[in-house]
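Pasted below: final.tsv, TSV, C-alpha atoms.
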chain	number	residue	atom	x	y	z
F	1	MET	CA	-52.21	50.95	-44.17
F	2	GLU	CA	-53.19	47.74	-42.37
F	3	PRO	CA	-56.97	47.21	-42.19
F	4	GLU	CA	-56.78	46.64	-38.43
F	5	CYS	CA	-54.31	46.67	-35.55
F	6	ILE	CA	-54.70	46.05	-31.83
F	7	MET	CA	-52.34	47.48	-29.19
F	8	SER	CA	-52.15	47.32	-25.41
F	9	ALA	CA	-50.10	49.06	-22.72
F	10	PRO	CA	-49.90	48.62	-18.93
F	11	GLY	CA	-50.81	50.94	-16.10
F	12	LYS	CA	-48.33	51.94	-13.41
F	13	ALA	CA	-47.96	52.19	-9.65
F	14	ILE	CA	-45.28	53.66	-7.41
F	15	LEU	CA	-43.65	50.95	-5.33
F	16	HIS	CA	-41.60	53.32	-3.16
F	17	GLY	CA	-40.53	56.95	-3.17
F	18	GLU	CA	-43.71	58.93	-3.81
F	19	HIS	CA	-43.42	62.57	-2.66
F	20	ALA	CA	-39.74	62.10	-1.78
F	21	VAL	CA	-39.02	61.92	-5.51
F	22	VAL	CA	-40.20	65.54	-5.85
F	23	HIS	CA	-37.29	66.49	-3.60
F	24	GLY	CA	-34.55	64.66	-5.47
F	25	LYS	CA	-34.88	61.20	-3.91
F	26	VAL	CA	-35.14	57.81	-5.63
F	27	ALA	CA	-38.53	56.37	-6.58
F	28	LEU	CA	-39.39	52.96	-8.02
F	29	ALA	CA	-42.23	52.85	-10.57
F	30	VAL	CA	-43.70	49.52	-11.67
F	31	SER	CA	-45.95	48.42	-14.52
F	32	LEU	CA	-49.28	46.86	-13.58
F	33	ASN	CA	-50.75	43.82	-15.27
F	34	LEU	CA	-53.93	45.84	-15.81
F	35	ARG	CA	-53.92	47.10	-19.35
F	36	THR	CA	-55.47	49.53	-21.80
F	37	TYR	CA	-56.44	48.04	-25.18
F	38	LEU	CA	-56.84	49.92	-28.46
F	39	ARG	CA	-58.24	48.75	-31.77
F	40	LEU	CA	-57.63	50.83	-34.92
F	41	GLN	CA	-59.60	50.04	-38.07
F	42	ALA	CA	-59.10	51.59	-41.50
F	43	THR	CA	-62.41	52.73	-43.05
F	44	SER	CA	-63.67	54.35	-46.25
F	45	THR	CA	-66.12	56.71	-44.57
F	46	SER	CA	-64.04	59.92	-44.93
F	47	LYS	CA	-64.42	60.23	-41.18
F	48	VAL	CA	-62.16	59.90	-38.15
F	49	CYS	CA	-63.96	58.31	-35.21
F	50	ILE	CA	-62.99	57.67	-31.60
F	51	ASN	CA	-64.88	55.46	-29.16
F	52	LEU	CA	-64.03	55.61	-25.47
F	53	PRO	CA	-66.67	53.51	-23.68
F	54	ASN	CA	-64.98	53.83	-20.27
F	55	ILE	CA	-65.85	57.54	-20.25
F	56	ASN	CA	-68.95	57.31	-22.47
F	57	THR	CA	-67.39	59.27	-25.33
F	58	PHE	CA	-68.15	58.54	-29.01
F	59	LEU	CA	-67.16	61.21	-31.55
F	60	SER	CA	-66.37	61.63	-35.25
F	61	TRP	CA	-65.02	64.35	-37.54
F	62	ASP	CA	-64.89	64.81	-41.33
F	63	VAL	CA	-61.40	64.24	-42.68
F	64	THR	CA	-61.72	67.32	-44.92
F	65	LYS	CA	-62.37	69.50	-41.86
F	66	LEU	CA	-59.40	68.09	-39.98
F	67	LYS	CA	-57.11	68.61	-43.00
F	68	GLN	CA	-57.47	72.35	-42.52
F	69	LEU	CA	-55.78	72.00	-39.14
F	70	LEU	CA	-52.71	70.08	-40.34
F	71	PRO	CA	-49.41	71.42	-38.97
F	72	ASP	CA	-46.69	72.35	-41.44
F	73	SER	CA	-44.70	69.14	-40.94
F	74	GLY	CA	-44.58	66.00	-38.84
F	75	GLY	CA	-41.84	63.63	-37.81
F	76	GLU	CA	-39.30	65.51	-35.74
F	77	ARG	CA	-42.01	67.86	-34.44
F	78	CYS	CA	-42.91	65.20	-31.91
F	79	PHE	CA	-39.99	66.40	-29.78
F	80	LEU	CA	-41.64	69.82	-29.31
F	81	LEU	CA	-45.29	70.44	-28.50
F	82	ASP	CA	-46.96	72.45	-31.27
F	83	ALA	CA	-48.80	75.12	-29.26
F	84	GLU	CA	-50.56	76.50	-32.34
F	85	LEU	CA	-51.99	73.09	-33.24
F	86	VAL	CA	-53.16	72.63	-29.64
F	87	ARG	CA	-54.90	76.02	-29.83
F	88	ARG	CA	-56.65	75.08	-33.10
F	89	LEU	CA	-57.79	71.77	-31.63
F	90	ARG	CA	-59.12	73.45	-28.51
F	91	ASP	CA	-61.20	75.72	-30.76
F	92	LEU	CA	-62.43	72.73	-32.79
F	93	VAL	CA	-63.46	70.73	-29.74
F	94	GLY	CA	-64.71	73.76	-27.78
F	95	VAL	CA	-62.30	73.35	-24.90
F	96	SER	CA	-61.10	76.41	-22.99
F	97	ASN	CA	-57.52	76.67	-21.70
F	98	GLY	CA	-58.58	76.02	-18.11
F	99	THR	CA	-60.50	72.83	-18.92
F	100	LEU	CA	-58.87	69.67	-17.57
F	101	ASP	CA	-61.70	67.11	-17.56
F	102	THR	CA	-60.80	63.58	-18.62
F	103	ARG	CA	-63.04	63.52	-21.68
F	104	SER	CA	-61.73	66.76	-23.20
F	105	MET	CA	-58.09	65.90	-22.58
F	106	ALA	CA	-58.48	62.42	-24.10
F	107	ILE	CA	-60.02	63.90	-27.26
F	108	LEU	CA	-57.31	66.55	-27.60
F	109	ALA	CA	-54.52	64.00	-27.13
F	110	PHE	CA	-56.00	61.72	-29.80
F	111	LEU	CA	-56.49	64.49	-32.38
F	112	TYR	CA	-53.07	65.98	-31.70
F	113	ILE	CA	-51.18	62.70	-32.21
F	114	TYR	CA	-53.33	61.73	-35.22
F	115	LEU	CA	-52.76	65.03	-37.05
F	116	SER	CA	-49.08	65.28	-36.13
F	117	VAL	CA	-48.18	61.73	-37.14
F	118	PHE	CA	-49.85	62.05	-40.55
F	119	ALA	CA	-48.78	65.68	-41.17
F	120	GLY	CA	-45.70	64.63	-43.14
F	121	SER	CA	-47.78	62.85	-45.78
F	122	GLY	CA	-50.28	65.68	-46.09
F	123	GLU	CA	-53.06	63.08	-46.25
F	124	LEU	CA	-55.36	61.99	-43.46
F	125	PRO	CA	-56.75	58.44	-43.52
F	126	SER	CA	-60.27	57.54	-42.53
F	127	LEU	CA	-60.15	55.38	-39.44
F	128	THR	CA	-61.93	54.35	-36.26
F	129	VAL	CA	-60.10	54.06	-32.94
F	130	SER	CA	-61.77	52.23	-30.03
F	131	VAL	CA	-60.17	52.08	-26.57
F	132	TRP	CA	-61.10	50.07	-23.50
F	133	SER	CA	-59.20	49.95	-20.23
F	134	GLU	CA	-59.02	47.80	-17.12
F	135	LEU	CA	-57.60	50.85	-15.32
F	136	PRO	CA	-59.82	53.31	-13.46
F	137	THR	CA	-59.36	56.91	-14.60
F	138	GLY	CA	-58.08	59.59	-12.25
F	139	ALA	CA	-56.76	57.07	-9.71
F	140	GLY	CA	-53.04	57.70	-10.22
F	141	LEU	CA	-52.53	54.37	-12.00
F	142	GLY	CA	-51.22	55.71	-15.31
F	143	SER	CA	-54.44	55.31	-17.29
F	144	SER	CA	-53.79	58.43	-19.40
F	145	ALA	CA	-50.23	57.30	-20.19
F	146	ALA	CA	-51.37	53.82	-21.21
F	147	TYR	CA	-53.93	55.52	-23.47
F	148	SER	CA	-51.31	57.81	-25.00
F	149	VAL	CA	-48.87	54.93	-25.52
F	150	CYS	CA	-51.54	52.87	-27.31
F	151	LEU	CA	-52.49	55.84	-29.48
F	152	ALA	CA	-48.87	56.51	-30.42
F	153	ALA	CA	-48.14	52.87	-31.26
F	154	ALA	CA	-51.31	52.42	-33.33
F	155	LEU	CA	-51.05	55.68	-35.29
F	156	LEU	CA	-47.32	55.31	-35.95
F	157	SER	CA	-47.98	51.77	-37.20
F	158	ALA	CA	-50.93	52.91	-39.33
F	159	SER	CA	-48.79	55.63	-40.91
F	160	GLY	CA	-45.98	53.19	-41.71
F	161	THR	CA	-43.53	55.09	-39.48
F	162	ILE	CA	-42.98	51.90	-37.47
F	163	PRO	CA	-43.62	48.41	-38.86
F	164	SER	CA	-46.61	46.24	-38.16
F	165	LEU	CA	-45.17	43.24	-36.35
F	166	LEU	CA	-47.59	40.37	-36.65
F	167	SER	CA	-46.76	37.59	-39.07
F	168	ASP	CA	-49.40	35.05	-38.04
F	169	GLN	CA	-52.80	34.91	-36.38
F	170	GLU	CA	-51.79	34.02	-32.82
F	171	SER	CA	-48.90	36.29	-31.91
F	172	THR	CA	-48.17	39.12	-29.56
F	173	ALA	CA	-45.10	41.20	-30.31
F	174	ARG	CA	-43.17	44.32	-29.35
F	175	TRP	CA	-40.79	46.57	-31.25
F	176	GLY	CA	-37.07	47.24	-31.00
F	177	GLU	CA	-35.47	50.09	-29.06
F	178	VAL	CA	-35.64	52.66	-31.88
F	179	GLU	CA	-39.36	52.16	-32.44
F	180	MET	CA	-40.07	52.01	-28.71
F	181	GLU	CA	-38.31	55.32	-28.16
F	182	LEU	CA	-40.40	56.91	-30.91
F	183	ILE	CA	-43.60	55.56	-29.37
F	184	ASN	CA	-42.50	56.91	-26.00
F	185	ARG	CA	-41.78	60.39	-27.38
F	186	TRP	CA	-45.17	60.66	-29.03
F	187	ALA	CA	-46.90	59.30	-25.92
F	188	PHE	CA	-45.13	61.97	-23.87
F	189	GLN	CA	-46.74	64.62	-26.09
F	190	GLY	CA	-50.14	63.10	-25.31
F	191	GLU	CA	-49.26	63.23	-21.61
F	192	ARG	CA	-48.22	66.89	-21.92
F	193	ILE	CA	-51.58	67.77	-23.44
F	194	ILE	CA	-53.43	65.87	-20.70
F	195	HIS	CA	-51.33	66.89	-17.68
F	196	GLY	CA	-49.40	70.01	-18.70
F	197	ASN	CA	-46.01	69.22	-17.14
F	198	PRO	CA	-45.68	65.46	-16.51
F	199	SER	CA	-42.48	63.84	-15.24
F	200	GLY	CA	-42.41	61.35	-18.12
F	201	VAL	CA	-42.36	58.36	-15.78
F	202	ASP	CA	-45.86	57.11	-16.63
F	203	ASN	CA	-45.36	56.99	-20.39
F	204	VAL	CA	-41.95	55.31	-19.98
F	205	VAL	CA	-43.54	52.61	-17.80
F	206	GLY	CA	-46.38	52.21	-20.31
F	207	THR	CA	-43.90	51.87	-23.17
F	208	TRP	CA	-41.24	49.60	-21.69
F	209	GLY	CA	-43.03	47.98	-18.74
F	210	GLY	CA	-41.09	46.33	-15.91
F	211	ILE	CA	-39.70	48.34	-13.00
F	212	LEU	CA	-38.03	51.74	-13.39
F	213	ARG	CA	-35.77	53.78	-11.11
F	214	TYR	CA	-36.51	57.51	-11.21
F	215	HIS	CA	-34.01	59.94	-9.71
F	216	SER	CA	-33.67	63.69	-10.37
F	217	GLY	CA	-35.23	63.41	-13.83
F	218	LYS	CA	-33.20	60.36	-14.89
F	219	ILE	CA	-35.20	57.21	-15.66
F	220	THR	CA	-33.38	53.87	-15.55
F	221	PRO	CA	-35.08	50.52	-16.27
F	222	LEU	CA	-34.11	47.73	-13.87
F	223	ASN	CA	-32.68	44.73	-15.67
F	224	ARG	CA	-34.59	41.50	-15.07
F	225	VAL	CA	-37.17	41.99	-12.38
F	226	PRO	CA	-39.28	39.47	-10.46
F	227	MET	CA	-43.01	39.34	-11.15
F	228	LEU	CA	-44.58	40.31	-7.84
F	229	ARG	CA	-48.23	39.48	-7.12
F	230	ILE	CA	-50.24	42.22	-5.43
F	231	LEU	CA	-53.70	43.35	-4.51
F	232	LEU	CA	-54.50	46.76	-5.93
F	233	THR	CA	-57.13	48.68	-3.98
F	234	ASN	CA	-58.90	51.87	-5.02
F	235	THR	CA	-60.41	53.56	-1.96
F	236	LYS	CA	-62.34	55.82	-4.37
F	237	VAL	CA	-61.53	58.79	-2.11
F	238	PRO	CA	-60.76	61.74	-4.44
F	239	ARG	CA	-57.64	63.79	-3.85
F	240	SER	CA	-55.58	66.58	-5.39
F	241	THR	CA	-51.97	65.67	-6.11
F	242	LYS	CA	-51.08	69.36	-6.31
F	243	VAL	CA	-52.49	70.07	-2.84
F	244	LEU	CA	-50.79	67.02	-1.31
F	245	VAL	CA	-47.39	67.89	-2.83
F	246	ALA	CA	-47.74	71.44	-1.53
F	247	GLY	CA	-48.59	70.10	1.93
F	248	VAL	CA	-45.37	68.08	2.09
F	249	LYS	CA	-43.42	71.17	1.04
F	250	ASP	CA	-45.07	73.20	3.81
F	251	LYS	CA	-44.10	70.55	6.37
F	252	MET	CA	-40.52	70.63	5.10
F	253	ASN	CA	-40.38	74.39	5.56
F	254	LYS	CA	-41.94	74.22	9.01
F	255	PHE	CA	-40.03	71.19	10.36
F	256	PRO	CA	-36.90	70.79	8.20
F	257	SER	CA	-34.95	68.90	10.86
F	258	ILE	CA	-37.79	66.36	11.06
F	259	ILE	CA	-39.01	65.98	7.48
F	260	ASN	CA	-35.64	66.03	5.68
F	261	PRO	CA	-34.42	62.90	7.52
F	262	VAL	CA	-37.76	61.25	6.68
F	263	LEU	CA	-37.15	61.93	3.00
F	264	GLU	CA	-33.65	60.51	3.29
F	265	SER	CA	-35.09	57.41	4.93
F	266	VAL	CA	-37.61	57.00	2.10
F	267	ASN	CA	-34.69	57.23	-0.32
F	268	ALA	CA	-32.98	54.43	1.59
F	269	VAL	CA	-36.17	52.35	1.45
F	270	SER	CA	-36.27	52.70	-2.36
F	271	CYS	CA	-32.60	51.76	-2.70
F	272	THR	CA	-32.92	48.80	-0.33
F	273	CYS	CA	-35.97	47.56	-2.25
F	274	GLU	CA	-34.08	47.91	-5.53
F	275	GLN	CA	-31.21	45.85	-4.11
F	276	THR	CA	-33.60	43.19	-2.81
F	277	LEU	CA	-35.40	42.90	-6.15
F	278	SER	CA	-32.04	42.53	-7.86
F	279	GLU	CA	-31.11	39.70	-5.50
F	280	MET	CA	-34.44	38.01	-6.21
F	281	THR	CA	-33.67	37.91	-9.93
F	282	ASN	CA	-30.13	36.61	-9.46
F	283	ASP	CA	-31.10	33.89	-6.98
F	284	ILE	CA	-34.20	31.93	-6.15
F	285	PRO	CA	-36.49	34.28	-4.13
F	286	THR	CA	-36.55	33.26	-0.48
F	287	PRO	CA	-38.99	33.88	2.37
F	288	GLU	CA	-36.41	36.33	3.77
F	289	HIS	CA	-36.62	38.41	0.58
F	290	TYR	CA	-40.37	38.72	1.08
F	291	ASN	CA	-39.87	39.54	4.78
F	292	ILE	CA	-37.69	42.47	3.73
F	293	LEU	CA	-40.18	43.67	1.10
F	294	GLU	CA	-42.98	43.57	3.70
F	295	GLU	CA	-40.95	45.50	6.26
F	296	LEU	CA	-40.06	48.14	3.67
F	297	ILE	CA	-43.77	48.53	2.81
F	298	ASP	CA	-44.63	49.09	6.48
F	299	ILE	CA	-41.77	51.54	7.00
F	300	ASN	CA	-42.63	53.57	3.91
F	301	GLN	CA	-46.31	53.74	4.82
F	302	HIS	CA	-45.39	55.18	8.24
F	303	HIS	CA	-43.13	57.72	6.53
F	304	LEU	CA	-45.95	58.79	4.23
F	305	ASN	CA	-48.25	59.28	7.21
F	306	VAL	CA	-45.57	61.46	8.84
F	307	MET	CA	-45.46	63.54	5.65
F	308	GLY	CA	-49.21	64.13	6.01
F	309	VAL	CA	-50.38	62.29	2.89
F	310	GLY	CA	-52.17	59.43	4.62
F	311	HIS	CA	-55.94	59.11	4.97
F	312	PRO	CA	-58.35	57.15	7.21
F	313	ALA	CA	-59.40	55.08	4.18
F	314	LEU	CA	-55.77	54.04	3.67
F	315	ASP	CA	-55.41	53.28	7.38
F	316	THR	CA	-58.42	50.98	7.03
F	317	LEU	CA	-56.80	49.27	4.04
F	318	CYS	CA	-53.62	48.61	6.05
F	319	ARG	CA	-55.58	47.37	9.07
F	320	VAL	CA	-57.87	45.05	7.08
F	321	THR	CA	-55.02	43.46	5.12
F	322	LEU	CA	-52.75	43.11	8.18
F	323	ALA	CA	-55.52	41.16	9.90
F	324	ARG	CA	-55.00	38.60	7.13
F	325	GLY	CA	-51.20	38.72	7.49
F	326	LEU	CA	-50.70	41.00	4.46
F	327	HIS	CA	-48.79	44.29	4.23
F	328	SER	CA	-50.02	47.40	2.41
F	329	LYS	CA	-49.05	50.97	1.58
F	330	LEU	CA	-50.52	53.80	-0.44
F	331	THR	CA	-49.29	54.24	-3.99
F	332	GLY	CA	-49.13	57.60	-5.71
F	333	ALA	CA	-50.20	60.89	-4.19
F	334	GLY	CA	-52.02	59.48	-1.16
F	335	GLY	CA	-54.79	61.40	0.60
F	336	GLY	CA	-57.10	58.58	-0.49
F	337	GLY	CA	-56.59	57.13	-3.95
F	338	CYS	CA	-55.00	53.69	-4.25
F	339	GLY	CA	-52.94	51.26	-2.22
F	340	ILE	CA	-50.97	48.12	-2.98
F	341	THR	CA	-50.74	44.91	-0.92
F	342	LEU	CA	-47.90	42.43	-1.41
F	343	LEU	CA	-48.84	38.78	-1.88
F	344	ARG	CA	-46.28	36.13	-1.03
F	345	PRO	CA	-45.99	33.04	-3.31
F	346	GLU	CA	-47.38	30.84	-0.55
F	347	THR	CA	-50.38	33.08	0.22
F	348	GLU	CA	-53.43	30.84	0.00
F	349	CYS	CA	-56.20	31.60	-2.48
F	350	SER	CA	-58.78	31.64	0.32
F	351	VAL	CA	-56.82	34.37	2.12
F	352	ILE	CA	-56.67	36.44	-1.04
F	353	GLN	CA	-60.37	36.05	-1.81
F	354	ASN	CA	-61.42	36.78	1.77
F	355	THR	CA	-59.21	39.89	1.83
F	356	ILE	CA	-60.69	41.15	-1.45
F	357	GLN	CA	-64.18	40.63	-0.03
F	358	ASP	CA	-63.24	42.42	3.21
F	359	LEU	CA	-62.04	45.43	1.21
F	360	ARG	CA	-65.09	45.45	-1.03
F	361	ASP	CA	-67.23	45.39	2.11
F	362	CYS	CA	-65.44	48.65	3.03
F	363	GLY	CA	-66.73	50.14	-0.24
F	364	TYR	CA	-63.40	49.86	-2.06
F	365	ASP	CA	-62.61	48.38	-5.47
F	366	CYS	CA	-59.96	45.65	-5.29
F	367	TRP	CA	-58.19	43.49	-7.87
F	368	GLU	CA	-55.55	40.79	-7.73
F	369	THR	CA	-52.85	41.57	-10.27
F	370	SER	CA	-49.06	41.70	-10.59
F	371	VAL	CA	-46.28	44.21	-11.20
F	372	GLY	CA	-43.48	44.06	-13.75
F	373	ALA	CA	-45.78	43.44	-16.73
F	374	GLU	CA	-44.68	43.80	-20.37
F	375	GLY	CA	-44.83	47.24	-21.96
F	376	VAL	CA	-46.65	48.21	-25.16
F	377	GLN	CA	-47.50	45.29	-27.41
F	378	GLN	CA	-49.23	44.57	-30.69
F	379	HIS	CA	-51.71	41.69	-30.68
F	380	SER	CA	-53.63	39.57	-33.11
F	381	PRO	CA	-57.35	39.33	-32.20
F	382	LEU	CA	-56.83	35.77	-30.97
F	383	ALA	CA	-54.17	36.93	-28.50
F	384	VAL	CA	-56.33	39.59	-26.83
F	385	LYS	CA	-58.11	39.04	-23.53
F	386	GLU	CA	-61.68	37.96	-24.28
F	387	GLU	CA	-63.32	40.77	-22.29
F	388	ALA	CA	-61.26	43.42	-24.07
F	389	LEU	CA	-61.96	42.00	-27.50
F	390	GLU	CA	-65.68	41.76	-26.77
F	391	VAL	CA	-65.87	45.47	-25.87
F	392	LEU	CA	-63.67	46.64	-28.76
F	393	ALA	CA	-65.67	44.57	-31.27
F	394	ARG	CA	-68.83	46.55	-30.49
F	395	TYR	CA	-67.52	49.71	-32.14
Output the structure of this file as structure tokens.
Amino acid sequence: MEPECIMSAPGKAILHGEHAVVHGKVALAVSLNLRTYLRLQATSTSKVCINLPNINTFLSWDVTKLKQLLPDSGGERCFLLDAELVRRLRDLVGVSNGTLDTRSMAILAFLYIYLSVFAGSGELPSLTVSVWSELPTGAGLGSSAAYSVCLAAALLSASGTIPSLLSDQESTARWGEVEMELINRWAFQGERIIHGNPSGVDNVVGTWGGILRYHSGKITPLNRVPMLRILLTNTKVPRSTKVLVAGVKDKMNKFPSIINPVLESVNAVSCTCEQTLSEMTNDIPTPEHYNILEELIDINQHHLNVMGVGHPALDTLCRVTLARGLHSKLTGAGGGGCGITLLRPETECSVIQNTIQDLRDCGYDCWETSVGAEGVQQHSPLAVKEEALEVLARY
């Protein structure tokens, strides 16, 4: 077992197709260049420790106590969730079946993947896992999936199931398709523990990165995608995805002749965006390409308002950014939450900084970032962002 490894994975946003995807339409999911970082250290303490400073969680367990919970076997079990192991872990942590808080779910996901990955060897190593994220939790930006992907990559590497990649002190590397698929499958189990019945999109984005097409359960990565600069804004307005999805369904039942064509139009927006992005990778991106992307953003935002998933805070986001010549839409469930704003290559830095300040004056969090980032990676300490390394080094 390597004495130390460092992994990272990106968050995700929905570019187009939210809500319509529930009804069999195409959605485009994109990786965000905001990442979750994980550091795993081998120890000789006979303890397993996890440090999650973002949610103020610092816990440890005796290895001998955890050994009593080992499932019968590992490996192929990652394709099926072991309900009995989940039950034992809930008892250990003191989490009831109805509990869904971020802290409890993060602990359960970690312990589940740790025990399952090492079950085949029958031995549990002493180790410390520390995780820090640039992603806000509970904002629909794939923070739990990025966490699960990092856990899967680090624990599979620590167990020797997948190789450690680094050969020098300044590299960042990623695995081949076979290893990536294994990471993705284990990360999906973490997502199932955290969310119950996830679509699988978030963990796929966290594993492979880039831009993905999701349609009726089929996930297809887009080959060669442009790196688009965006502003990502968190209105900090809480919302329930379940309630919002149910609201769209109610509207469909009440006004089928109105809402069904809206969903078809959203589908067309996703497909037109996909075609435009493809053109941008085959040719030099032109101002006309960005004109189309901006129009599609405006159209889709209007569609989402018609579906009833808008919010005054999101209207403010669109109004504030449009005053600076920028185009925005919600991303994810809506009803508050987050929005994305497209930045053109020629957008001046002063415009970007003034827009960010305008949005912060509204009480929102706002970052400049990009979409289409790399998926899960292993890093040497020298290749990790300074802020991330500084936090991880404290634990």
Exercise. For Trp175 (chain F), which of F:His379, F:Val391, F:Asn354, F:Thr235 is the closest residue, counting all atoms listed in the file?
Worked result: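 With all atoms listed in the file as the atom set, the closest residue is F:His379.
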Extract, using all atoms listed in the file, all DNA, RNA and protein residues at most 9 Å from region 333-348 of chain F, discarding same-chain residues fewer than 4 positions from it, and format them as a tab-separated table (two decimals) with C-alpha atoms, keeping the file's coordinate frame.
chain	number	residue	atom	x	y	z
F	13	ALA	CA	-47.96	52.19	-9.65
F	15	LEU	CA	-43.65	50.95	-5.33
F	18	GLU	CA	-43.71	58.93	-3.81
F	19	HIS	CA	-43.42	62.57	-2.66
F	138	GLY	CA	-58.08	59.59	-12.25
F	139	ALA	CA	-56.76	57.07	-9.71
F	140	GLY	CA	-53.04	57.70	-10.22
F	141	LEU	CA	-52.53	54.37	-12.00
F	228	LEU	CA	-44.58	40.31	-7.84
F	229	ARG	CA	-48.23	39.48	-7.12
F	230	ILE	CA	-50.24	42.22	-5.43
F	231	LEU	CA	-53.70	43.35	-4.51
F	232	LEU	CA	-54.50	46.76	-5.93
F	233	THR	CA	-57.13	48.68	-3.98
F	234	ASN	CA	-58.90	51.87	-5.02
F	235	THR	CA	-60.41	53.56	-1.96
F	236	LYS	CA	-62.34	55.82	-4.37
F	237	VAL	CA	-61.53	58.79	-2.11
F	238	PRO	CA	-60.76	61.74	-4.44
F	239	ARG	CA	-57.64	63.79	-3.85
F	240	SER	CA	-55.58	66.58	-5.39
F	241	THR	CA	-51.97	65.67	-6.11
F	242	LYS	CA	-51.08	69.36	-6.31
F	244	LEU	CA	-50.79	67.02	-1.31
F	245	VAL	CA	-47.39	67.89	-2.83
F	287	PRO	CA	-38.99	33.88	2.37
F	290	TYR	CA	-40.37	38.72	1.08
F	293	LEU	CA	-40.18	43.67	1.10
F	294	GLU	CA	-42.98	43.57	3.70
F	297	ILE	CA	-43.77	48.53	2.81
F	304	LEU	CA	-45.95	58.79	4.23
F	308	GLY	CA	-49.21	64.13	6.01
F	309	VAL	CA	-50.38	62.29	2.89
F	310	GLY	CA	-52.17	59.43	4.62
F	311	HIS	CA	-55.94	59.11	4.97
F	312	PRO	CA	-58.35	57.15	7.21
F	313	ALA	CA	-59.40	55.08	4.18
F	314	LEU	CA	-55.77	54.04	3.67
F	317	LEU	CA	-56.80	49.27	4.04
F	318	CYS	CA	-53.62	48.61	6.05
F	321	THR	CA	-55.02	43.46	5.12
F	326	LEU	CA	-50.70	41.00	4.46
F	327	HIS	CA	-48.79	44.29	4.23
F	328	SER	CA	-50.02	47.40	2.41
F	329	LYS	CA	-49.05	50.97	1.58
F	352	ILE	CA	-56.67	36.44	-1.04
F	353	GLN	CA	-60.37	36.05	-1.81
Problem set entry | For Gly200 (chain F), the nearest of the candidates F:Leu222, F:Ala29, F:Leu59, F:Val131, counting all atoms listed in the file |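 Answer, going by the shortest atom-to-atom distance: F:Ala29.
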Exercise. Quick one: residues within 7 Å of Lys47 (chain F), only C-alpha atoms counted, chain neighbours fewer than 6 positions away excluded, as JSON, numbers by chain?
Worked result: {"F": [60, 61, 62, 63, 126, 127]}
Could you turn the residues from that selection into a file that holds C-alpha atoms, as a PDB file, in the coordinates of the input?
ATOM      1  CA  SER F  60     -66.370  61.630 -35.250  1.00  0.00           C
ATOM      2  CA  TRP F  61     -65.020  64.350 -37.540  1.00  0.00           C
ATOM      3  CA  ASP F  62     -64.890  64.810 -41.330  1.00  0.00           C
ATOM      4  CA  VAL F  63     -61.400  64.240 -42.680  1.00  0.00           C
ATOM      5  CA  SER F 126     -60.270  57.540 -42.530  1.00  0.00           C
ATOM      6  CA  LEU F 127     -60.150  55.380 -39.440  1.00  0.00           C
TER       7      LEU F 127
END
Problem set entry | Option closest in space to Ala393 (chain F), from F:Thr172, F:Asn282, F:Asn253, F:Ser130 [counting all atoms listed in the file] | F:Ser130
Exercise. Nearest to Trp186 (chain F) among F:Ser265, F:Ser148, F:Thr220, F:Ser257, with distances taken over only C-alpha atoms: which residue is it?
Worked result: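 The answer is F:Ser148, which sits nearest to Trp186 (chain F).
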Could the centre and edge lengths of an axis-aligned box, enclosing all atoms of region 22-37 of chain F in the file with 5 Å extra on each side, be given in Å to one decimal as lines of an AutoDock Vina configuration file?
center_x = -45.5
center_y = 55.2
center_z = -14.4
size_x = 31.9
size_y = 32.7
size_z = 31.6
For this session: For CA of Cys5 (chain F) and CA of Ser380 (chain F), quote the distance in Å rounded to one decimal.
Result: 7.5 Å
Seminar exercise, completed: If you count only C-alpha atoms, the residue of F:Glu288, F:Ser8, F:Gly190, F:Arg103 closest to Asp82 (chain F) turns out to be F:Gly190
